[in-house]
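Only one structure is covered here, and it is reproduced in the block below.
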Amino acid sequence: MAAIDTHPDKISSISRDAGAWLVTPLGQALLAQEQRVVEEAFDGIFGEQCLQIGRWGDARCFLRFTRTQRSVCVSDDFPGSAESRPGAYGEPHRLPVASDSIDLVLLPHTLDFSERPHAILREVHRVLRSDGYLVVLGFKPGGLWGLRRLVPGAGLPPGARHLISDRRLSDWLRLLDLRIHGVSRYFFRWPLPGNRGPSSPDWERRGQRFWPELAACYMLTAQKRVYTLTQIRKPWRAQPQVVAGLVKPTSRISHIRFDQDH
């Protein structure tokens with residue numbers, strides 16, 4: 001997996017602002033909840049390579065839960081701290097990754113900040129191996145956080161302006177021949193910057209059961225389809241076969257009379 005040189009001065013304001021939002025009490029609570037749902041999603045997914053596209057928190061925030069032999073985060077930003085730096089540099093819509101080489105791809109809110117979501121998904125399909133898995137974390141356009149515009153200083157991190165609903169994302173992935181395994185919704189908290197403390201597990205379970213559409217985020221899991229080509233013999237090449245025992249020989253002659261009108 002090749003690395004692309006990126007100068008530190010090229011840090012985007014979107015990445016900087018999102019990183020600052022994640023260290024707020026609300027951002028830390030969301031990140032803790034997302035680590036739990038990602039750990040559950042990664043359980044049972046094995047293979048050689050895991051690729052995280054886009055940085056959300058520290059570079060190993062989610063990759064430490066993988067069951068693959070190797071894992072790496074590729075991003076187009078260059079944070080200052082060493083623990084936050086990705087393992088490879090590249091644009092999400094033009095990955096420095098070989099085709100059919102990745103067993104698991106994670107998109108942690110990558111599509112929420114991108115103006116080229118279709119290009120990123122095409123790259124995901126390209127690098128995934130047959131039967132490879134995709135895990136996507138995204139902000140819900142509506143729900144409880146849909147009220148964020150009514151409260152000053154509340155709601156989504158700066159730069160998250162390209163939200164995609166889980167239903168629309170499912171349609172896009174089906175067009176790429178990815179099979180949707182499931183969609184779960186999480187984080188049922190008011191989008192207030194001063195909302196401190198971890199999210200209650202009981203409150204999360206209650207929200208998932210009774211009002212899932214009010215969740216702030218969703219996690220979608222999908223798998224790349226595999227089509228096996230089976231050679232079918234053409235009908236006109238098939239040789240007729242005689243099945244013994246079904247017809248007995250006879251010396252009887254059938255007389256067929258064709259009546260004619262006079």
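Labels used: A, B, ... for chains in the order of the structure tokens, numbers from 1 for residues in each chain, and numbers from 1 for ligands as shown.
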**Asked** Excluding same-chain residues fewer than 6 positions from Gly19 of chain A, what lies within 9 Å of it counting only C-alpha atoms, as a PyMOL selection string?
**Response** chain A and resi 56-57+157
Atoms kept (N, CA and C atoms) for selection, written as an mmCIF file, in the first residue's frame:
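File written: part.cif
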```
data_model
loop_
_atom_site.group_PDB
_atom_site.id
_atom_site.type_symbol
_atom_site.label_atom_id
_atom_site.label_comp_id
_atom_site.auth_asym_id
_atom_site.auth_seq_id
_atom_site.Cartn_x
_atom_site.Cartn_y
_atom_site.Cartn_z
ATOM 1 N N TRP A 56 -11.202 9.653 11.983
ATOM 2 C CA TRP A 56 -12.237 10.107 12.915
ATOM 3 C C TRP A 56 -11.733 9.789 14.303
ATOM 4 N N GLY A 57 -11.150 10.799 14.973
ATOM 5 C CA GLY A 57 -10.440 10.535 16.205
ATOM 6 C C GLY A 57 -9.013 10.118 15.891
ATOM 7 N N PRO A 157 -20.760 18.296 13.961
ATOM 8 C CA PRO A 157 -19.464 18.984 13.886
ATOM 9 C C PRO A 157 -19.379 19.844 12.634
#
```
Could I get the residues of segment 54-159 of chain A with an atom no further than 8 Å from an atom of segment 25-44 of chain A, each paired with its nearest atom pair and that distance in Å to one decimal, using only C-alpha atoms, sorted by chain and residue number, as a tab-separated table?
```
residue	atom	partner	partner_atom	distance
A:Gly57	CA	A:Leu31	CA	7.7
A:Cys61	CA	A:Gln35	CA	7.3
A:Phe62	CA	A:Gln35	CA	6.2
A:Phe65	CA	A:Glu39	CA	5.5
A:Thr66	CA	A:Phe42	CA	5.8
A:Arg67	CA	A:Phe42	CA	6.9
A:Val135	CA	A:Ala41	CA	7.7
```
**Request:** Can you work out which one of A:Pro117, A:Asp77, A:Ala215, A:Gly87 has the shortest atom-to-atom distance to Leu63 of chain A, counting only C-alpha atoms?
**Result:** A:Gly87
**Request:** May I ask for the distance between atom CA of Lys140 of chain A and atom CA of Trp172 of chain A, given in Å to one decimal place?
**Result:**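 Between atom CA of Lys140 of chain A and atom CA of Trp172 of chain A the gap works out to 16.1 Å.
For segment 164-168 of chain A, the list of residues within 9 Å, based on only C-alpha atoms and with local chain neighbours fewer than 6 positions off taken out, reads Leu111, Asp112, Gly138, Phe139, Lys140, Pro141, Gly142, Val183, Tyr218, Met219 and Leu220 of chain A.
Of the listed residues (A:Gly159, A:Gly143, A:Gly47, A:Gly54), A:Gly54 comes nearest to Tyr89 of chain A; the distances count only C-alpha atoms.
For the pair atom CA of Ile53 of chain A and atom CA of Val105 of chain A, the interatomic distance is 7.3 Å.
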**Complete:** If you count only C-alpha atoms, the residue of A:Leu106, A:Leu121, A:Leu169, A:Leu144 closest to Leu214 of chain A turns out to be A:Leu144
